[in-house]
Amino acid sequence: MYHQDWLMRQIETITRYVFSIVLGKQDELTSDIRIEAQQQTSGAANTLSFRLGRLVDAERLCEAEDLLYSAVEDGDPEALTAGLRFYNDLNLLSDETLLRCNFPRDEILSGLRELCETYGYDLGVIGEAD
């Protein structure tokens, strides 16, 4: 139980930290991306954040992560912020949901660290196990 709580705190700390550096904002990280996408101009359903959110809602987490890394490889300018929101959303899921989706919380942390490092954010010891 302690390990899961520690992981959740590390994931939240990393996402908020990098998001605040990238956009200079903290409050937008927890915004509901489906509402946000609906408020955007036409084509909102095609945004990476929206598509990732839909896959998370459908509990297709591995497929969502594959979509994210495909966008990263393709140089999608939205990939970093969408990825931070994605991992934040995953962190909010229950352990039971993550288990059912075969996506352990440790994988959230490792995916988040990899995403950040891909974009040149050296997290040092943030998120390292004690």
# chains A, B, ... in the order shown; residues from 1 in each chain; ligands from 1
call {"tool": "residues_around", "arguments": {"residues": "stretch 119-124 of chain A", "least_positions_apart": "2", "cutoff": "10 Å", "atoms": "only C-alpha atoms", "output": "list in words"}}
result
Ile14, Tyr17, Val18, Ile21, Val22, Val72, Ala79, Leu80, Arg113, Glu114, Leu115, Cys116, Glu117, Ile126, Gly127 and Glu128 of chain A
call {"tool": "closest_residue", "arguments": {"among": "A:Thr118, A:Phe103, A:Leu23, A:Gln4", "to": "A:Glu73", "atoms": "only C-alpha atoms"}}
result
A:Thr118
call {"tool": "residues_around", "arguments": {"residues": "A:Glu12", "least_positions_apart": "5", "cutoff": "9 Å", "atoms": "only C-alpha atoms", "output": "list of chain:residue names"}}
result
A:Leu7, A:Tyr17, A:Tyr87, A:Asn88, A:Asn91
call {"tool": "write_last_selection", "arguments": {"atoms": "C-alpha atoms", "output": "PDB file, in the first residue's frame"}}
result
ATOM      1  CA  LEU A   7       4.154   6.038  -6.771  1.00  0.00           C
ATOM      2  CA  TYR A  17       6.475  20.013 -12.318  1.00  0.00           C
ATOM      3  CA  TYR A  87      -0.208   9.955 -17.369  1.00  0.00           C
ATOM      4  CA  ASN A  88      -1.967  12.217 -14.886  1.00  0.00           C
ATOM      5  CA  ASN A  91      -2.595   8.036 -12.098  1.00  0.00           C
TER       6      ASN A  91
END
call {"tool": "atom_distance", "arguments": {"atom1": "atom CA of A:Ile11", "atom2": "atom CA of A:Asp106"}}
result
9.5 Å
call {"tool": "closest_residue", "arguments": {"among": "A:Glu96, A:Glu65, A:Glu59, A:Asp5", "to": "A:Gly83", "atoms": "only C-alpha atoms"}}
result
A:Glu65
call {"tool": "closest_residue", "arguments": {"among": "A:Leu93, A:Gly24, A:Leu112, A:Leu99", "to": "A:Tyr69", "atoms": "only C-alpha atoms"}}
result
A:Leu112
